[in-house]
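Engineer: So that we are looking at the same thing, I have put the structure below in structure tokens.
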Amino acid sequence: MILWFQVIPILQTLYHAPDSTSHHIYMSLIILLILSEDDGFNKSVHQIMLKNISWYTERSISEISLGGLLVLVVIRTIQYNMLKMRDKYLHTNCLAALANMSGQFRYLHPYVAQRMVSLFETLAKKHSRLDNLLKQPANGVSLDVQTSKEDMVQDLSVLEEVLRMVLEILNSCLSHQLLYCPNLVYTLLYKKHVFENFRSHHAFQDIIQNIDMVVGFFSSRLQRVQEQRGELGVNEVLEVISKGASQWSSDRLRKFPDLKFKYVEENEPQEFFIPYVWTLVSKCGCIHFSSESMKGIITETIVNC
């Protein structure tokens, strides 16, 4: 069984990504992805409660599950990567880990649910901007501008892949754990407008139909209760959602394959792992190596693999 104090250092490395080496970030993500392949891990992280996480400074959270904290940190890593590093390998691994865990999401903190939907909203706005730029007339443009548009087409394609995966993660959670995720349903009701522009998009419309069905079901229940009681507060809305969830059947939703991803080694993985391991030996070990000696050891080890 993986203990919380074994996972926290990994999350701290990802949280402080700007201060970490790319090798350290990749290794942390690889470990998380491998852990997320285990359904036992995905379930247990939502049973471990943490209090006053001092190093997480985005927002003060008095108590959160380890699973919720993991989701927050991975989402933050995706957003950092999209903004700064633009590394497809990195965000693919991030999304794969979240996807593996999504079928076991339970009792998500309100802030975690907000961040999940906000991730889609942020990416959707970027998609809209790129799409509008590409629709502008291209008559008489220079070669440099044309090259820039080709780059934008590629960026748009990558963005659509990420958006699709985020929708699949939301759908997976709703399909398997809706009863245990009232805060996610609440957030989807509050932010339902962010999906409007994608309902007719060929890449997203099939899966958005499921989200619309959930939103429609709970919206109608809330409307009936509001007609009887008047305006509802947050706790009253959550009460209506919880009661509705007990009567909800996931059979209403269109079935999609379960999200299961595995870590697959790249070609010649030794070129990544050996330098990383020897860097750790040099940094944390008791034996000192000169930079030239280190290069020689690494080169020889790679050649002999």
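Residue numbering restarts at 1 in every chain; chains get A, B, ... in the order shown in the structure tokens, and ligands count up from 1 in that same order.
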Counting only C-alpha atoms, what is within 12 Å of Asp212 of chain A, bar same-chain residues fewer than 6 positions away, as a VMD selection string?
Structural biologist: chain A and resid 167 170 to 171 174 185 188 to 189 191 to 196 198 to 199 204 to 206 218 to 220 252 to 254
Engineer: Fewer than 5 positions away in the same chain doesn't count, so skip those; otherwise give me all residues within 8 Å of segment 60-71 of chain A, counting only C-alpha atoms, as a PyMOL selection string.
Structural biologist: chain A and resi 4+11+42+45-53+98+105+108-109+112
Engineer: Quick one: pick out all strand (DSSP E) residues within segment 48-240 of chain A from a backbone DSSP run and write them as a list of chain:residue names.
Structural biologist: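 Strand (DSSP E) assignments inside segment 48-240 of chain A correspond to A:Met49, A:Leu50, A:Lys51, A:Glu63, A:Ile64, A:Ser65.
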Engineer: Please provide the set of residues having any atom within 12 Å of Ser28 of chain A, restricted to only C-alpha atoms, with same-chain residues fewer than 3 positions apart removed, written as a PyMOL selection string.
Structural biologist: chain A and resi 6-17+20-25+31-35+73-74+77+90+93-94+97+276
Engineer: Restricting it to N, CA and C atoms, dump the selection as a PDB file, in the first residue's frame.
Structural biologist:
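Wrote it out as result00.pdb, contents follow:
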```pdb
ATOM      1  N   GLN A   6       4.680   9.043   1.005  1.00  0.00           N
ATOM      2  CA  GLN A   6       5.447   8.652  -0.173  1.00  0.00           C
ATOM      3  C   GLN A   6       4.972   9.411  -1.417  1.00  0.00           C
ATOM      4  N   VAL A   7       3.737   9.865  -1.394  1.00  0.00           N
ATOM      5  CA  VAL A   7       3.168  10.568  -2.546  1.00  0.00           C
ATOM      6  C   VAL A   7       3.401  12.071  -2.452  1.00  0.00           C
ATOM      7  N   ILE A   8       3.350  12.620  -1.243  1.00  0.00           N
ATOM      8  CA  ILE A   8       3.477  14.068  -1.047  1.00  0.00           C
ATOM      9  C   ILE A   8       4.748  14.642  -1.682  1.00  0.00           C
ATOM     10  N   PRO A   9       5.927  14.039  -1.514  1.00  0.00           N
ATOM     11  CA  PRO A   9       7.127  14.607  -2.154  1.00  0.00           C
ATOM     12  C   PRO A   9       7.019  14.697  -3.672  1.00  0.00           C
ATOM     13  N   ILE A  10       6.330  13.733  -4.277  1.00  0.00           N
ATOM     14  CA  ILE A  10       6.122  13.767  -5.728  1.00  0.00           C
ATOM     15  C   ILE A  10       5.266  14.974  -6.096  1.00  0.00           C
ATOM     16  N   LEU A  11       4.207  15.191  -5.327  1.00  0.00           N
ATOM     17  CA  LEU A  11       3.316  16.323  -5.598  1.00  0.00           C
ATOM     18  C   LEU A  11       4.039  17.650  -5.364  1.00  0.00           C
ATOM     19  N   GLN A  12       4.893  17.699  -4.358  1.00  0.00           N
ATOM     20  CA  GLN A  12       5.639  18.929  -4.103  1.00  0.00           C
ATOM     21  C   GLN A  12       6.591  19.248  -5.263  1.00  0.00           C
ATOM     22  N   THR A  13       7.211  18.225  -5.817  1.00  0.00           N
ATOM     23  CA  THR A  13       8.093  18.432  -6.974  1.00  0.00           C
ATOM     24  C   THR A  13       7.322  19.033  -8.139  1.00  0.00           C
ATOM     25  N   LEU A  14       6.126  18.486  -8.403  1.00  0.00           N
ATOM     26  CA  LEU A  14       5.311  18.999  -9.499  1.00  0.00           C
ATOM     27  C   LEU A  14       4.793  20.398  -9.195  1.00  0.00           C
ATOM     28  N   TYR A  15       4.430  20.633  -7.952  1.00  0.00           N
ATOM     29  CA  TYR A  15       3.907  21.950  -7.574  1.00  0.00           C
ATOM     30  C   TYR A  15       4.966  23.034  -7.759  1.00  0.00           C
ATOM     31  N   HIS A  16       6.206  22.673  -7.469  1.00  0.00           N
ATOM     32  CA  HIS A  16       7.308  23.625  -7.613  1.00  0.00           C
ATOM     33  C   HIS A  16       8.047  23.396  -8.926  1.00  0.00           C
ATOM     34  N   ALA A  17       7.298  23.067  -9.978  1.00  0.00           N
ATOM     35  CA  ALA A  17       7.884  22.760 -11.283  1.00  0.00           C
ATOM     36  C   ALA A  17       8.855  23.823 -11.790  1.00  0.00           C
ATOM     37  N   SER A  20      12.179  23.035 -10.457  1.00  0.00           N
ATOM     38  CA  SER A  20      12.658  21.657 -10.613  1.00  0.00           C
ATOM     39  C   SER A  20      13.233  21.452 -12.011  1.00  0.00           C
ATOM     40  N   THR A  21      14.132  20.481 -12.140  1.00  0.00           N
ATOM     41  CA  THR A  21      14.668  20.152 -13.463  1.00  0.00           C
ATOM     42  C   THR A  21      13.615  19.373 -14.254  1.00  0.00           C
ATOM     43  N   SER A  22      13.719  19.427 -15.579  1.00  0.00           N
ATOM     44  CA  SER A  22      12.760  18.704 -16.413  1.00  0.00           C
ATOM     45  C   SER A  22      12.816  17.204 -16.136  1.00  0.00           C
ATOM     46  N   HIS A  23      14.034  16.678 -15.874  1.00  0.00           N
ATOM     47  CA  HIS A  23      14.170  15.253 -15.566  1.00  0.00           C
ATOM     48  C   HIS A  23      13.378  14.894 -14.308  1.00  0.00           C
ATOM     49  N   HIS A  24      13.469  15.743 -13.295  1.00  0.00           N
ATOM     50  CA  HIS A  24      12.778  15.485 -12.025  1.00  0.00           C
ATOM     51  C   HIS A  24      11.261  15.541 -12.215  1.00  0.00           C
ATOM     52  N   ILE A  25      10.793  16.480 -13.025  1.00  0.00           N
ATOM     53  CA  ILE A  25       9.362  16.595 -13.304  1.00  0.00           C
ATOM     54  C   ILE A  25       8.867  15.353 -14.046  1.00  0.00           C
ATOM     55  N   ILE A  31       6.128   8.205 -12.247  1.00  0.00           N
ATOM     56  CA  ILE A  31       5.755   7.468 -11.038  1.00  0.00           C
ATOM     57  C   ILE A  31       4.259   7.586 -10.771  1.00  0.00           C
ATOM     58  N   LEU A  32       3.721   8.808 -10.907  1.00  0.00           N
ATOM     59  CA  LEU A  32       2.282   9.003 -10.702  1.00  0.00           C
ATOM     60  C   LEU A  32       1.458   8.198 -11.702  1.00  0.00           C
ATOM     61  N   LEU A  33       1.892   8.189 -12.953  1.00  0.00           N
ATOM     62  CA  LEU A  33       1.161   7.441 -13.975  1.00  0.00           C
ATOM     63  C   LEU A  33       1.172   5.953 -13.655  1.00  0.00           C
ATOM     64  N   ILE A  34       2.307   5.431 -13.248  1.00  0.00           N
ATOM     65  CA  ILE A  34       2.396   4.006 -12.889  1.00  0.00           C
ATOM     66  C   ILE A  34       1.506   3.704 -11.686  1.00  0.00           C
ATOM     67  N   LEU A  35       1.528   4.585 -10.678  1.00  0.00           N
ATOM     68  CA  LEU A  35       0.667   4.390  -9.506  1.00  0.00           C
ATOM     69  C   LEU A  35      -0.805   4.402  -9.898  1.00  0.00           C
ATOM     70  N   VAL A  73      -2.805  19.415  -8.025  1.00  0.00           N
ATOM     71  CA  VAL A  73      -1.411  19.607  -8.434  1.00  0.00           C
ATOM     72  C   VAL A  73      -1.215  19.213  -9.891  1.00  0.00           C
ATOM     73  N   VAL A  74      -1.849  18.139 -10.326  1.00  0.00           N
ATOM     74  CA  VAL A  74      -1.707  17.712 -11.722  1.00  0.00           C
ATOM     75  C   VAL A  74      -2.349  18.735 -12.662  1.00  0.00           C
ATOM     76  N   THR A  77      -0.060  21.563 -13.003  1.00  0.00           N
ATOM     77  CA  THR A  77       1.064  21.198 -13.863  1.00  0.00           C
ATOM     78  C   THR A  77       0.672  21.289 -15.335  1.00  0.00           C
ATOM     79  N   LEU A  90       4.561  15.836 -21.588  1.00  0.00           N
ATOM     80  CA  LEU A  90       4.259  16.135 -20.194  1.00  0.00           C
ATOM     81  C   LEU A  90       2.755  16.171 -19.958  1.00  0.00           C
ATOM     82  N   ASN A  93       1.031  12.694 -20.162  1.00  0.00           N
ATOM     83  CA  ASN A  93       1.171  11.884 -18.954  1.00  0.00           C
ATOM     84  C   ASN A  93       0.286  12.401 -17.830  1.00  0.00           C
ATOM     85  N   CYS A  94       0.191  13.729 -17.689  1.00  0.00           N
ATOM     86  CA  CYS A  94      -0.686  14.318 -16.668  1.00  0.00           C
ATOM     87  C   CYS A  94      -2.132  13.873 -16.876  1.00  0.00           C
ATOM     88  N   ALA A  97      -2.771  10.135 -16.171  1.00  0.00           N
ATOM     89  CA  ALA A  97      -2.891   9.826 -14.741  1.00  0.00           C
ATOM     90  C   ALA A  97      -4.274  10.219 -14.216  1.00  0.00           C
ATOM     91  N   TYR A 276      19.805  10.746 -15.268  1.00  0.00           N
ATOM     92  CA  TYR A 276      19.024  11.200 -14.110  1.00  0.00           C
ATOM     93  C   TYR A 276      19.492  10.496 -12.838  1.00  0.00           C
TER      94      TYR A 276
END
```
Engineer: Here is a test: counting only C-alpha atoms, which residue of A:Gln226, A:Ser148, A:Gln104, A:Gln177 is nearest to Ser44 of chain A?
Structural biologist: A:Gln104
Engineer: Find the residues near His127 of chain A: any atom within 9 Å, counting only C-alpha atoms, skip ones fewer than 5 places away on the same chain, and give them as a ChimeraX atom specification.
Structural biologist: /A:122,132,155-156,159-160,163
Engineer: Hey, can you check how far atom CA of Asp87 of chain A sits from atom CA of Glu161 of chain A?
Structural biologist: 13.6 Å
